[in-house]
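**Student:** Just one file: work.cif, with mmCIF, N, CA and C atoms.
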data_run
loop_
_atom_site.group_PDB
_atom_site.id
_atom_site.type_symbol
_atom_site.label_atom_id
_atom_site.label_comp_id
_atom_site.auth_asym_id
_atom_site.auth_seq_id
_atom_site.Cartn_x
_atom_site.Cartn_y
_atom_site.Cartn_z
ATOM 1 N N MET K 1308 -21.626 5.151 -13.717
ATOM 2 C CA MET K 1308 -20.220 5.423 -13.880
ATOM 3 C C MET K 1308 -19.510 5.019 -12.589
ATOM 4 N N SER K 1309 -18.542 4.127 -12.706
ATOM 5 C CA SER K 1309 -17.828 3.687 -11.506
ATOM 6 C C SER K 1309 -16.558 4.500 -11.338
ATOM 7 N N ARG K 1310 -16.258 4.760 -10.116
ATOM 8 C CA ARG K 1310 -15.056 5.522 -9.794
ATOM 9 C C ARG K 1310 -13.987 4.574 -9.301
ATOM 10 N N GLY K 1311 -12.756 4.922 -9.582
ATOM 11 C CA GLY K 1311 -11.643 4.133 -9.078
ATOM 12 C C GLY K 1311 -11.417 4.449 -7.616
ATOM 13 N N PRO K 1312 -10.410 3.832 -7.009
ATOM 14 C CA PRO K 1312 -10.135 4.124 -5.606
ATOM 15 C C PRO K 1312 -9.695 5.577 -5.439
ATOM 16 N N ARG K 1313 -10.094 6.148 -4.319
ATOM 17 C CA ARG K 1313 -9.739 7.534 -4.034
ATOM 18 C C ARG K 1313 -8.233 7.623 -3.804
ATOM 19 N N PRO K 1314 -7.621 8.724 -4.221
ATOM 20 C CA PRO K 1314 -6.177 8.875 -3.981
ATOM 21 C C PRO K 1314 -5.893 9.031 -2.492
ATOM 22 N N LEU K 1315 -4.675 8.726 -2.116
ATOM 23 C CA LEU K 1315 -4.267 8.873 -0.722
ATOM 24 C C LEU K 1315 -4.213 10.350 -0.363
ATOM 25 N N THR K 1316 -4.534 10.644 0.882
ATOM 26 C CA THR K 1316 -4.405 12.015 1.364
ATOM 27 C C THR K 1316 -2.921 12.303 1.609
ATOM 28 N N ALA K 1317 -2.602 13.568 1.777
ATOM 29 C CA ALA K 1317 -1.213 13.952 2.041
ATOM 30 C C ALA K 1317 -0.715 13.315 3.336
ATOM 31 N N ARG K 1318 -1.576 13.255 4.330
ATOM 32 C CA ARG K 1318 -1.184 12.660 5.612
ATOM 33 C C ARG K 1318 -0.947 11.150 5.457
ATOM 34 N N GLN K 1319 -1.790 10.468 4.691
ATOM 35 C CA GLN K 1319 -1.598 9.032 4.462
ATOM 36 C C GLN K 1319 -0.301 8.779 3.701
ATOM 37 N N GLU K 1320 -0.010 9.640 2.723
ATOM 38 C CA GLU K 1320 1.255 9.527 1.984
ATOM 39 C C GLU K 1320 2.437 9.691 2.928
ATOM 40 N N ALA K 1321 2.341 10.660 3.842
ATOM 41 C CA ALA K 1321 3.428 10.905 4.788
ATOM 42 C C ALA K 1321 3.626 9.719 5.717
ATOM 43 N N VAL K 1322 2.539 9.162 6.224
ATOM 44 C CA VAL K 1322 2.628 7.998 7.116
ATOM 45 C C VAL K 1322 3.232 6.816 6.370
ATOM 46 N N LEU K 1323 2.808 6.599 5.147
ATOM 47 C CA LEU K 1323 3.331 5.501 4.341
ATOM 48 C C LEU K 1323 4.828 5.695 4.066
ATOM 49 N N ALA K 1324 5.231 6.928 3.809
ATOM 50 C CA ALA K 1324 6.650 7.220 3.573
ATOM 51 C C ALA K 1324 7.483 6.955 4.821
ATOM 52 N N VAL K 1325 6.949 7.314 5.993
ATOM 53 C CA VAL K 1325 7.661 7.054 7.252
ATOM 54 C C VAL K 1325 7.833 5.552 7.452
ATOM 55 N N ILE K 1326 6.774 4.806 7.222
ATOM 56 C CA ILE K 1326 6.855 3.350 7.393
ATOM 57 C C ILE K 1326 7.864 2.756 6.425
ATOM 58 N N ARG K 1327 7.807 3.191 5.178
ATOM 59 C CA ARG K 1327 8.714 2.671 4.149
ATOM 60 C C ARG K 1327 10.175 2.950 4.522
ATOM 61 N N SER K 1328 10.485 4.186 4.931
ATOM 62 C CA SER K 1328 11.872 4.514 5.268
ATOM 63 C C SER K 1328 12.309 3.822 6.554
ATOM 64 N N TRP K 1329 11.406 3.717 7.522
ATOM 65 C CA TRP K 1329 11.743 3.078 8.799
ATOM 66 C C TRP K 1329 12.061 1.595 8.581
ATOM 67 N N LEU K 1330 11.264 0.939 7.761
ATOM 68 C CA LEU K 1330 11.519 -0.470 7.473
ATOM 69 C C LEU K 1330 12.849 -0.653 6.755
ATOM 70 N N ALA K 1331 13.163 0.257 5.837
ATOM 71 C CA ALA K 1331 14.434 0.165 5.112
ATOM 72 C C ALA K 1331 15.628 0.394 6.029
ATOM 73 N N GLU K 1332 15.494 1.335 6.965
ATOM 74 C CA GLU K 1332 16.596 1.669 7.868
ATOM 75 C C GLU K 1332 16.782 0.659 8.985
ATOM 76 N N ARG K 1333 15.680 0.205 9.570
ATOM 77 C CA ARG K 1333 15.775 -0.590 10.802
ATOM 78 C C ARG K 1333 15.300 -2.031 10.678
ATOM 79 N N GLY K 1334 14.539 -2.341 9.641
ATOM 80 C CA GLY K 1334 14.099 -3.718 9.446
ATOM 81 C C GLY K 1334 12.826 -4.087 10.190
ATOM 82 N N HIS K 1335 12.264 -3.163 10.943
ATOM 83 C CA HIS K 1335 10.996 -3.401 11.635
ATOM 84 C C HIS K 1335 10.183 -2.119 11.582
ATOM 85 N N GLY K 1336 8.906 -2.229 11.838
ATOM 86 C CA GLY K 1336 8.029 -1.073 11.737
ATOM 87 C C GLY K 1336 8.172 -0.106 12.897
ATOM 88 N N PRO K 1337 7.837 1.158 12.666
ATOM 89 C CA PRO K 1337 7.888 2.155 13.740
ATOM 90 C C PRO K 1337 6.683 2.031 14.663
ATOM 91 N N THR K 1338 6.817 2.559 15.872
ATOM 92 C CA THR K 1338 5.685 2.594 16.789
ATOM 93 C C THR K 1338 4.757 3.736 16.389
ATOM 94 N N VAL K 1339 3.577 3.749 16.961
ATOM 95 C CA VAL K 1339 2.607 4.810 16.678
ATOM 96 C C VAL K 1339 3.189 6.163 17.066
ATOM 97 N N ARG K 1340 3.849 6.244 18.208
ATOM 98 C CA ARG K 1340 4.448 7.511 18.653
ATOM 99 C C ARG K 1340 5.570 7.970 17.728
ATOM 100 N N GLU K 1341 6.371 7.017 17.236
ATOM 101 C CA GLU K 1341 7.452 7.374 16.319
ATOM 102 C C GLU K 1341 6.890 7.908 14.996
ATOM 103 N N ILE K 1342 5.830 7.304 14.507
ATOM 104 C CA ILE K 1342 5.188 7.799 13.287
ATOM 105 C C ILE K 1342 4.636 9.196 13.532
ATOM 106 N N GLY K 1343 3.952 9.375 14.655
ATOM 107 C CA GLY K 1343 3.383 10.676 14.988
ATOM 108 C C GLY K 1343 4.433 11.761 15.066
ATOM 109 N N ALA K 1344 5.573 11.450 15.656
ATOM 110 C CA ALA K 1344 6.643 12.435 15.767
ATOM 111 C C ALA K 1344 7.176 12.839 14.398
ATOM 112 N N ARG K 1345 7.251 11.893 13.479
ATOM 113 C CA ARG K 1345 7.782 12.183 12.145
ATOM 114 C C ARG K 1345 6.804 12.956 11.268
ATOM 115 N N VAL K 1346 5.502 12.707 11.416
ATOM 116 C CA VAL K 1346 4.533 13.377 10.532
ATOM 117 C C VAL K 1346 3.858 14.566 11.200
ATOM 118 N N GLY K 1347 4.169 14.828 12.471
ATOM 119 C CA GLY K 1347 3.617 15.996 13.148
ATOM 120 C C GLY K 1347 2.259 15.781 13.778
ATOM 121 N N LEU K 1348 1.954 14.550 14.170
ATOM 122 C CA LEU K 1348 0.703 14.259 14.877
ATOM 123 C C LEU K 1348 1.030 13.933 16.325
ATOM 124 N N SER K 1349 0.448 14.670 17.254
ATOM 125 C CA SER K 1349 0.728 14.399 18.664
ATOM 126 C C SER K 1349 -0.230 13.375 19.251
ATOM 127 N N SER K 1350 -1.372 13.173 18.599
ATOM 128 C CA SER K 1350 -2.369 12.239 19.093
ATOM 129 C C SER K 1350 -2.116 10.841 18.523
ATOM 130 N N THR K 1351 -1.905 9.875 19.416
ATOM 131 C CA THR K 1351 -1.704 8.503 18.950
ATOM 132 C C THR K 1351 -2.972 7.953 18.307
ATOM 133 N N SER K 1352 -4.112 8.467 18.729
ATOM 134 C CA SER K 1352 -5.372 8.053 18.136
ATOM 135 C C SER K 1352 -5.449 8.468 16.662
ATOM 136 N N SER K 1353 -4.946 9.656 16.350
ATOM 137 C CA SER K 1353 -4.932 10.128 14.964
ATOM 138 C C SER K 1353 -4.020 9.266 14.099
ATOM 139 N N VAL K 1354 -2.874 8.901 14.647
ATOM 140 C CA VAL K 1354 -1.945 8.048 13.909
ATOM 141 C C VAL K 1354 -2.577 6.676 13.694
ATOM 142 N N ALA K 1355 -3.191 6.119 14.725
ATOM 143 C CA ALA K 1355 -3.838 4.810 14.608
ATOM 144 C C ALA K 1355 -4.965 4.848 13.574
ATOM 145 N N HIS K 1356 -5.671 5.957 13.517
ATOM 146 C CA HIS K 1356 -6.735 6.104 12.515
ATOM 147 C C HIS K 1356 -6.145 6.048 11.102
ATOM 148 N N GLN K 1357 -5.066 6.777 10.881
ATOM 149 C CA GLN K 1357 -4.430 6.782 9.561
ATOM 150 C C GLN K 1357 -3.903 5.392 9.214
ATOM 151 N N LEU K 1358 -3.322 4.705 10.186
ATOM 152 C CA LEU K 1358 -2.828 3.353 9.954
ATOM 153 C C LEU K 1358 -3.972 2.400 9.622
ATOM 154 N N GLY K 1359 -5.092 2.570 10.314
ATOM 155 C CA GLY K 1359 -6.259 1.735 10.037
ATOM 156 C C GLY K 1359 -6.784 1.951 8.631
ATOM 157 N N ARG K 1360 -6.780 3.194 8.165
ATOM 158 C CA ARG K 1360 -7.234 3.497 6.798
ATOM 159 C C ARG K 1360 -6.298 2.864 5.770
ATOM 160 N N LEU K 1361 -4.975 2.929 6.027
ATOM 161 C CA LEU K 1361 -4.008 2.323 5.115
ATOM 162 C C LEU K 1361 -4.147 0.805 5.102
ATOM 163 N N GLU K 1362 -4.439 0.238 6.266
ATOM 164 C CA GLU K 1362 -4.630 -1.206 6.347
ATOM 165 C C GLU K 1362 -5.908 -1.609 5.609
ATOM 166 N N ALA K 1363 -6.968 -0.818 5.746
ATOM 167 C CA ALA K 1363 -8.228 -1.115 5.061
ATOM 168 C C ALA K 1363 -8.065 -1.049 3.544
ATOM 169 N N ARG K 1364 -7.175 -0.193 3.081
ATOM 170 C CA ARG K 1364 -6.922 -0.073 1.638
ATOM 171 C C ARG K 1364 -5.993 -1.163 1.131
ATOM 172 N N GLY K 1365 -5.432 -1.942 2.049
ATOM 173 C CA GLY K 1365 -4.554 -3.038 1.649
ATOM 174 C C GLY K 1365 -3.119 -2.616 1.366
ATOM 175 N N LEU K 1366 -2.707 -1.452 1.860
ATOM 176 C CA LEU K 1366 -1.349 -0.978 1.609
ATOM 177 C C LEU K 1366 -0.364 -1.444 2.676
ATOM 178 N N ILE K 1367 -0.862 -1.688 3.888
ATOM 179 C CA ILE K 1367 -0.033 -2.229 4.958
ATOM 180 C C ILE K 1367 -0.806 -3.355 5.625
ATOM 181 N N SER K 1368 -0.078 -4.200 6.323
ATOM 182 C CA SER K 1368 -0.721 -5.229 7.139
ATOM 183 C C SER K 1368 0.143 -5.450 8.369
ATOM 184 N N ARG K 1369 -0.453 -6.063 9.369
ATOM 185 C CA ARG K 1369 0.271 -6.329 10.610
ATOM 186 C C ARG K 1369 0.533 -7.812 10.732
ATOM 187 N N THR K 1370 1.716 -8.156 11.233
ATOM 188 C CA THR K 1370 2.021 -9.555 11.487
ATOM 189 C C THR K 1370 1.728 -9.925 12.938
ATOM 190 N N GLY K 1371 1.441 -8.936 13.742
ATOM 191 C CA GLY K 1371 1.109 -9.139 15.149
ATOM 192 C C GLY K 1371 0.003 -8.191 15.550
ATOM 193 N N ARG K 1372 -0.160 -7.996 16.834
ATOM 194 C CA ARG K 1372 -1.228 -7.141 17.336
ATOM 195 C C ARG K 1372 -0.883 -5.651 17.265
ATOM 196 N N ASP K 1373 0.386 -5.327 17.479
ATOM 197 C CA ASP K 1373 0.808 -3.926 17.532
ATOM 198 C C ASP K 1373 1.070 -3.370 16.138
ATOM 199 N N TRP K 1374 0.963 -2.040 16.023
ATOM 200 C CA TRP K 1374 1.246 -1.388 14.745
ATOM 201 C C TRP K 1374 2.718 -1.456 14.399
ATOM 202 N N SER K 1375 3.594 -1.648 15.383
ATOM 203 C CA SER K 1375 5.023 -1.728 15.080
ATOM 204 C C SER K 1375 5.370 -2.996 14.305
ATOM 205 N N THR K 1376 4.417 -3.903 14.155
ATOM 206 C CA THR K 1376 4.645 -5.111 13.369
ATOM 207 C C THR K 1376 4.138 -4.950 11.937
ATOM 208 N N CYS K 1377 3.829 -3.725 11.539
ATOM 209 C CA CYS K 1377 3.275 -3.530 10.206
ATOM 210 C C CYS K 1377 4.337 -3.730 9.130
ATOM 211 N N VAL K 1378 3.886 -4.217 8.007
ATOM 212 C CA VAL K 1378 4.728 -4.405 6.836
ATOM 213 C C VAL K 1378 3.987 -3.831 5.636
ATOM 214 N N LEU K 1379 4.746 -3.466 4.623
ATOM 215 C CA LEU K 1379 4.136 -2.963 3.398
ATOM 216 C C LEU K 1379 3.624 -4.131 2.581
ATOM 217 N N VAL K 1380 2.468 -3.961 2.007
ATOM 218 C CA VAL K 1380 1.909 -4.968 1.124
ATOM 219 C C VAL K 1380 2.352 -4.607 -0.280
ATOM 220 N N GLU K 1381 2.835 -5.592 -1.005
ATOM 221 C CA GLU K 1381 3.284 -5.328 -2.372
ATOM 222 C C GLU K 1381 2.119 -4.837 -3.199
ATOM 223 N N GLU K 1382 2.321 -3.706 -3.839
ATOM 224 C CA GLU K 1382 1.271 -3.129 -4.665
ATOM 225 C C GLU K 1382 1.322 -3.764 -6.046
ATOM 226 N N PRO K 1383 0.162 -4.215 -6.553
ATOM 227 C CA PRO K 1383 0.165 -4.771 -7.902
ATOM 228 C C PRO K 1383 0.441 -3.659 -8.909
ATOM 229 N N PRO K 1384 1.105 -3.980 -10.018
ATOM 230 C CA PRO K 1384 1.371 -2.931 -10.994
ATOM 231 C C PRO K 1384 0.071 -2.396 -11.571
ATOM 232 N N ALA K 1385 0.048 -1.105 -11.799
ATOM 233 C CA ALA K 1385 -1.158 -0.471 -12.333
ATOM 234 C C ALA K 1385 -1.382 -0.928 -13.762
ATOM 235 N N ARG K 1386 -2.614 -1.257 -14.071
ATOM 236 C CA ARG K 1386 -2.958 -1.668 -15.431
ATOM 237 C C ARG K 1386 -3.317 -0.441 -16.237
ATOM 238 N N ARG K 1387 -2.826 -0.388 -17.422
ATOM 239 C CA ARG K 1387 -3.168 0.707 -18.314
ATOM 240 C C ARG K 1387 -4.428 0.332 -19.070
ATOM 241 N N PRO K 1388 -5.362 1.257 -19.197
ATOM 242 C CA PRO K 1388 -6.595 0.945 -19.905
ATOM 243 C C PRO K 1388 -6.318 0.614 -21.362
ATOM 244 N N GLY K 1389 -7.066 -0.344 -21.870
ATOM 245 C CA GLY K 1389 -6.953 -0.706 -23.274
ATOM 246 C C GLY K 1389 -5.973 -1.824 -23.547
ATOM 247 N N LEU K 1390 -5.187 -2.239 -22.566
ATOM 248 C CA LEU K 1390 -4.249 -3.332 -22.771
ATOM 249 C C LEU K 1390 -4.865 -4.636 -22.302
ATOM 250 N N ARG K 1391 -4.690 -5.658 -23.115
ATOM 251 C CA ARG K 1391 -5.193 -6.963 -22.715
ATOM 252 C C ARG K 1391 -4.168 -7.654 -21.847
ATOM 253 N N ARG K 1392 -4.664 -8.496 -21.014
ATOM 254 C CA ARG K 1392 -3.809 -9.237 -20.102
ATOM 255 C C ARG K 1392 -3.234 -10.439 -20.821
ATOM 256 N N ARG K 1393 -1.947 -10.669 -20.655
ATOM 257 C CA ARG K 1393 -1.329 -11.843 -21.249
ATOM 258 C C ARG K 1393 -1.312 -12.963 -20.237
ATOM 259 N N GLY K 1394 -1.083 -14.140 -20.736
ATOM 260 C CA GLY K 1394 -1.072 -15.301 -19.872
ATOM 261 C C GLY K 1394 -2.222 -16.200 -20.256
ATOM 262 N N PRO K 1395 -2.621 -17.080 -19.382
ATOM 263 C CA PRO K 1395 -3.704 -18.009 -19.718
ATOM 264 C C PRO K 1395 -4.939 -17.259 -20.194
ATOM 265 N N GLY K 1396 -5.390 -17.613 -21.361
ATOM 266 C CA GLY K 1396 -6.586 -16.992 -21.909
ATOM 267 C C GLY K 1396 -6.299 -15.708 -22.654
ATOM 268 N N GLY K 1397 -5.059 -15.242 -22.704
ATOM 269 C CA GLY K 1397 -4.719 -14.005 -23.383
ATOM 270 C C GLY K 1397 -4.647 -14.159 -24.886
ATOM 271 N N GLY K 1398 -4.532 -15.345 -25.367
ATOM 272 C CA GLY K 1398 -4.467 -15.625 -26.797
ATOM 273 C C GLY K 1398 -4.651 -17.107 -27.008
ATOM 274 N N ALA K 1399 -4.604 -17.529 -28.246
ATOM 275 C CA ALA K 1399 -4.856 -18.937 -28.538
ATOM 276 C C ALA K 1399 -3.821 -19.839 -27.877
ATOM 277 N N ASP K 1400 -2.567 -19.384 -27.792
ATOM 278 C CA ASP K 1400 -1.541 -20.214 -27.176
ATOM 279 C C ASP K 1400 -1.250 -19.811 -25.732
ATOM 280 N N GLY K 1401 -2.018 -18.866 -25.185
ATOM 281 C CA GLY K 1401 -1.835 -18.451 -23.803
ATOM 282 C C GLY K 1401 -0.831 -17.325 -23.623
ATOM 283 N N TYR K 1402 -0.170 -16.920 -24.706
ATOM 284 C CA TYR K 1402 0.819 -15.843 -24.608
ATOM 285 C C TYR K 1402 0.504 -14.685 -25.535
ATOM 286 N N GLY K 1403 -0.741 -14.582 -25.958
ATOM 287 C CA GLY K 1403 -1.156 -13.454 -26.771
ATOM 288 C C GLY K 1403 -0.946 -13.653 -28.256
ATOM 289 N N ARG K 1404 -0.373 -14.800 -28.644
ATOM 290 C CA ARG K 1404 -0.145 -15.066 -30.077
ATOM 291 C C ARG K 1404 -1.235 -15.944 -30.620
ATOM 292 N N ARG K 1405 -1.646 -15.642 -31.807
ATOM 293 C CA ARG K 1405 -2.628 -16.457 -32.509
ATOM 294 C C ARG K 1405 -1.875 -17.412 -33.447
ATOM 295 N N PRO K 1406 -2.358 -18.608 -33.610
ATOM 296 C CA PRO K 1406 -1.681 -19.530 -34.549
ATOM 297 C C PRO K 1406 -1.824 -19.026 -35.988
ATOM 298 N N ALA K 1407 -0.802 -19.296 -36.791
ATOM 299 C CA ALA K 1407 -0.846 -18.888 -38.200
ATOM 300 C C ALA K 1407 -1.945 -19.683 -38.913
ATOM 301 N N PRO K 1408 -2.717 -19.023 -39.798
ATOM 302 C CA PRO K 1408 -3.796 -19.746 -40.500
ATOM 303 C C PRO K 1408 -3.294 -20.677 -41.552
#
Translate this file's structure into structure tokens.
**Tutor:**
Amino acid sequence: MSRGPRPLTARQEAVLAVIRSWLAERGHGPTVREIGARVGLSSTSSVAHQLGRLEARGLISRTGRDWSTCVLVEEPPARRPGLRRRGPGGGADGYGRRPAP
């Protein structure tokens, strides 16, 4: 039995929310200290750990060396079980339609 990805922790959700709002307000990512101040973490190492976990999950990425260059990665839409994918190979004509007999 395979398990899906583990849900985000409350702290990861909070860090992601800070990044999302900071990018919307200012157009660039927050520093590690700014994130820590917003989520209640005084240790920059703890904030960096959370950022590393989010980066490993593919939710954020950095355009430079510093965490302040982080950007949100577009999340693919969640697939609902039981639905077939449309497009190439989704049907005889590629759009899920079968030709009339």
**Student:** Give me the residues near Cys1377 of chain K as a list in words, where near means some atom within 6.5 Å (using all atoms listed in the file) and where sequence neighbours in that chain fewer than 4 positions away do not count.
**Tutor:**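 So the residues in contact are Gly1336, Pro1337, Ile1367, Ser1368, Arg1369, Thr1370, Gly1371 and Asp1373 of chain K.
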**Student:** If you count all atoms listed in the file, which residues fall within 6.5 Å of segment 1342-1349 of chain K, apart from same-chain ones fewer than 4 positions away, as a VMD selection string?
**Tutor:** chain K and resid 1321 to 1322 1337 to 1338 1354
**Student:** So how many Å separate atom CA of Ser1352 of chain K and atom CA of Gln1319 of chain K, to one decimal?
**Tutor:**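 Between these atoms lies a distance of 14.2 Å.
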**Student:** In Å, how far is it from atom CA of Arg1372 of chain K to atom CA of Pro1312 of chain K?
**Tutor:**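 Computed distance, atom CA of Arg1372 of chain K to atom CA of Pro1312 of chain K, equals 27.1 Å.
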**Student:** Show me the residues close to (8.7, -6.4, 17.7) - anything with an atom within 8 Å, counting only C-alpha atoms - and format the list as a PDB file with N, CA and C atoms, in the frame of the given file.
**Tutor:**
ATOM      1  N   HIS K1335      12.264  -3.163  10.943  1.00  0.00           N
ATOM      2  CA  HIS K1335      10.996  -3.401  11.635  1.00  0.00           C
ATOM      3  C   HIS K1335      10.183  -2.119  11.582  1.00  0.00           C
ATOM      4  N   SER K1375       3.594  -1.648  15.383  1.00  0.00           N
ATOM      5  CA  SER K1375       5.023  -1.728  15.080  1.00  0.00           C
ATOM      6  C   SER K1375       5.370  -2.996  14.305  1.00  0.00           C
ATOM      7  N   THR K1376       4.417  -3.903  14.155  1.00  0.00           N
ATOM      8  CA  THR K1376       4.645  -5.111  13.369  1.00  0.00           C
ATOM      9  C   THR K1376       4.138  -4.950  11.937  1.00  0.00           C
TER      10      THR K1376
END
**Student:** Applied to this file, what does the PyMOL selection byres (((chain K and resi 1379 and name CA) around 9) and name CA) return in terms of residues, put as a list in words?
**Tutor:**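 Against this file, the PyMOL selection byres (((chain K and resi 1379 and name CA) around 9) and name CA) returns the residues Leu1323, Ile1326, Arg1327, Leu1330, Gly1365, Leu1366, Ile1367, Ser1368, Arg1369, Cys1377, Val1378, Val1380, Glu1381 and Glu1382 of chain K.
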**Student:** How many Å lie between atom CA of Gly1334 of chain K and atom C of Pro1314 of chain K, rounded to one decimal?
**Tutor:**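 Here the two named atoms are 26.5 Å from each other.
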**Student:** Between K:Trp1374, K:Arg1313, K:Glu1332, K:Ala1324, which residue has the minimum interatomic distance to Thr1351 of chain K, considering only C-alpha atoms?
**Tutor:** K:Trp1374
**Student:** With N, CA and C atoms retained, output segment 1310-1332 of chain K as a PDB file, in the first residue's frame.
**Tutor:**
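Wrote it out as selection10.pdb, contents follow:
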ATOM      1  N   ARG K1310       1.601   5.263   0.216  1.00  0.00           N
ATOM      2  CA  ARG K1310       1.047   6.444   0.872  1.00  0.00           C
ATOM      3  C   ARG K1310       1.350   7.663   0.031  1.00  0.00           C
ATOM      4  N   GLY K1311       0.453   8.616   0.082  1.00  0.00           N
ATOM      5  CA  GLY K1311       0.684   9.872  -0.613  1.00  0.00           C
ATOM      6  C   GLY K1311       1.655  10.720   0.177  1.00  0.00           C
ATOM      7  N   PRO K1312       1.950  11.921  -0.308  1.00  0.00           N
ATOM      8  CA  PRO K1312       2.860  12.787   0.433  1.00  0.00           C
ATOM      9  C   PRO K1312       2.246  13.186   1.773  1.00  0.00           C
ATOM     10  N   ARG K1313       3.112  13.311   2.761  1.00  0.00           N
ATOM     11  CA  ARG K1313       2.656  13.691   4.093  1.00  0.00           C
ATOM     12  C   ARG K1313       2.155  15.133   4.054  1.00  0.00           C
ATOM     13  N   PRO K1314       1.126  15.438   4.834  1.00  0.00           N
ATOM     14  CA  PRO K1314       0.636  16.824   4.863  1.00  0.00           C
ATOM     15  C   PRO K1314       1.666  17.745   5.509  1.00  0.00           C
ATOM     16  N   LEU K1315       1.561  19.013   5.198  1.00  0.00           N
ATOM     17  CA  LEU K1315       2.463  20.001   5.785  1.00  0.00           C
ATOM     18  C   LEU K1315       2.163  20.143   7.269  1.00  0.00           C
ATOM     19  N   THR K1316       3.203  20.406   8.036  1.00  0.00           N
ATOM     20  CA  THR K1316       3.011  20.675   9.456  1.00  0.00           C
ATOM     21  C   THR K1316       2.456  22.094   9.609  1.00  0.00           C
ATOM     22  N   ALA K1317       1.967  22.395  10.793  1.00  0.00           N
ATOM     23  CA  ALA K1317       1.432  23.734  11.053  1.00  0.00           C
ATOM     24  C   ALA K1317       2.515  24.794  10.869  1.00  0.00           C
ATOM     25  N   ARG K1318       3.722  24.479  11.292  1.00  0.00           N
ATOM     26  CA  ARG K1318       4.825  25.436  11.155  1.00  0.00           C
ATOM     27  C   ARG K1318       5.177  25.648   9.675  1.00  0.00           C
ATOM     28  N   GLN K1319       5.182  24.582   8.883  1.00  0.00           N
ATOM     29  CA  GLN K1319       5.465  24.716   7.450  1.00  0.00           C
ATOM     30  C   GLN K1319       4.379  25.539   6.764  1.00  0.00           C
ATOM     31  N   GLU K1320       3.125  25.315   7.162  1.00  0.00           N
ATOM     32  CA  GLU K1320       2.017  26.112   6.618  1.00  0.00           C
ATOM     33  C   GLU K1320       2.210  27.584   6.950  1.00  0.00           C
ATOM     34  N   ALA K1321       2.623  27.867   8.189  1.00  0.00           N
ATOM     35  CA  ALA K1321       2.827  29.252   8.610  1.00  0.00           C
ATOM     36  C   ALA K1321       3.955  29.904   7.827  1.00  0.00           C
ATOM     37  N   VAL K1322       5.053  29.192   7.645  1.00  0.00           N
ATOM     38  CA  VAL K1322       6.190  29.729   6.885  1.00  0.00           C
ATOM     39  C   VAL K1322       5.775  29.985   5.442  1.00  0.00           C
ATOM     40  N   LEU K1323       5.046  29.063   4.856  1.00  0.00           N
ATOM     41  CA  LEU K1323       4.585  29.215   3.480  1.00  0.00           C
ATOM     42  C   LEU K1323       3.637  30.415   3.355  1.00  0.00           C
ATOM     43  N   ALA K1324       2.778  30.601   4.343  1.00  0.00           N
ATOM     44  CA  ALA K1324       1.858  31.743   4.333  1.00  0.00           C
ATOM     45  C   ALA K1324       2.614  33.062   4.429  1.00  0.00           C
ATOM     46  N   VAL K1325       3.663  33.101   5.257  1.00  0.00           N
ATOM     47  CA  VAL K1325       4.479  34.317   5.378  1.00  0.00           C
ATOM     48  C   VAL K1325       5.145  34.631   4.043  1.00  0.00           C
ATOM     49  N   ILE K1326       5.705  33.618   3.416  1.00  0.00           N
ATOM     50  CA  ILE K1326       6.369  33.836   2.126  1.00  0.00           C
ATOM     51  C   ILE K1326       5.372  34.324   1.089  1.00  0.00           C
ATOM     52  N   ARG K1327       4.213  33.689   1.045  1.00  0.00           N
ATOM     53  CA  ARG K1327       3.182  34.055   0.068  1.00  0.00           C
ATOM     54  C   ARG K1327       2.744  35.511   0.261  1.00  0.00           C
ATOM     55  N   SER K1328       2.466  35.914   1.507  1.00  0.00           N
ATOM     56  CA  SER K1328       2.013  37.287   1.743  1.00  0.00           C
ATOM     57  C   SER K1328       3.137  38.291   1.513  1.00  0.00           C
ATOM     58  N   TRP K1329       4.358  37.929   1.890  1.00  0.00           N
ATOM     59  CA  TRP K1329       5.497  38.837   1.719  1.00  0.00           C
ATOM     60  C   TRP K1329       5.752  39.091   0.230  1.00  0.00           C
ATOM     61  N   LEU K1330       5.683  38.041  -0.565  1.00  0.00           N
ATOM     62  CA  LEU K1330       5.881  38.203  -2.003  1.00  0.00           C
ATOM     63  C   LEU K1330       4.788  39.072  -2.613  1.00  0.00           C
ATOM     64  N   ALA K1331       3.554  38.893  -2.150  1.00  0.00           N
ATOM     65  CA  ALA K1331       2.448  39.701  -2.672  1.00  0.00           C
ATOM     66  C   ALA K1331       2.587  41.168  -2.290  1.00  0.00           C
ATOM     67  N   GLU K1332       3.046  41.429  -1.064  1.00  0.00           N
ATOM     68  CA  GLU K1332       3.174  42.803  -0.579  1.00  0.00           C
ATOM     69  C   GLU K1332       4.393  43.522  -1.130  1.00  0.00           C
TER      70      GLU K1332
END
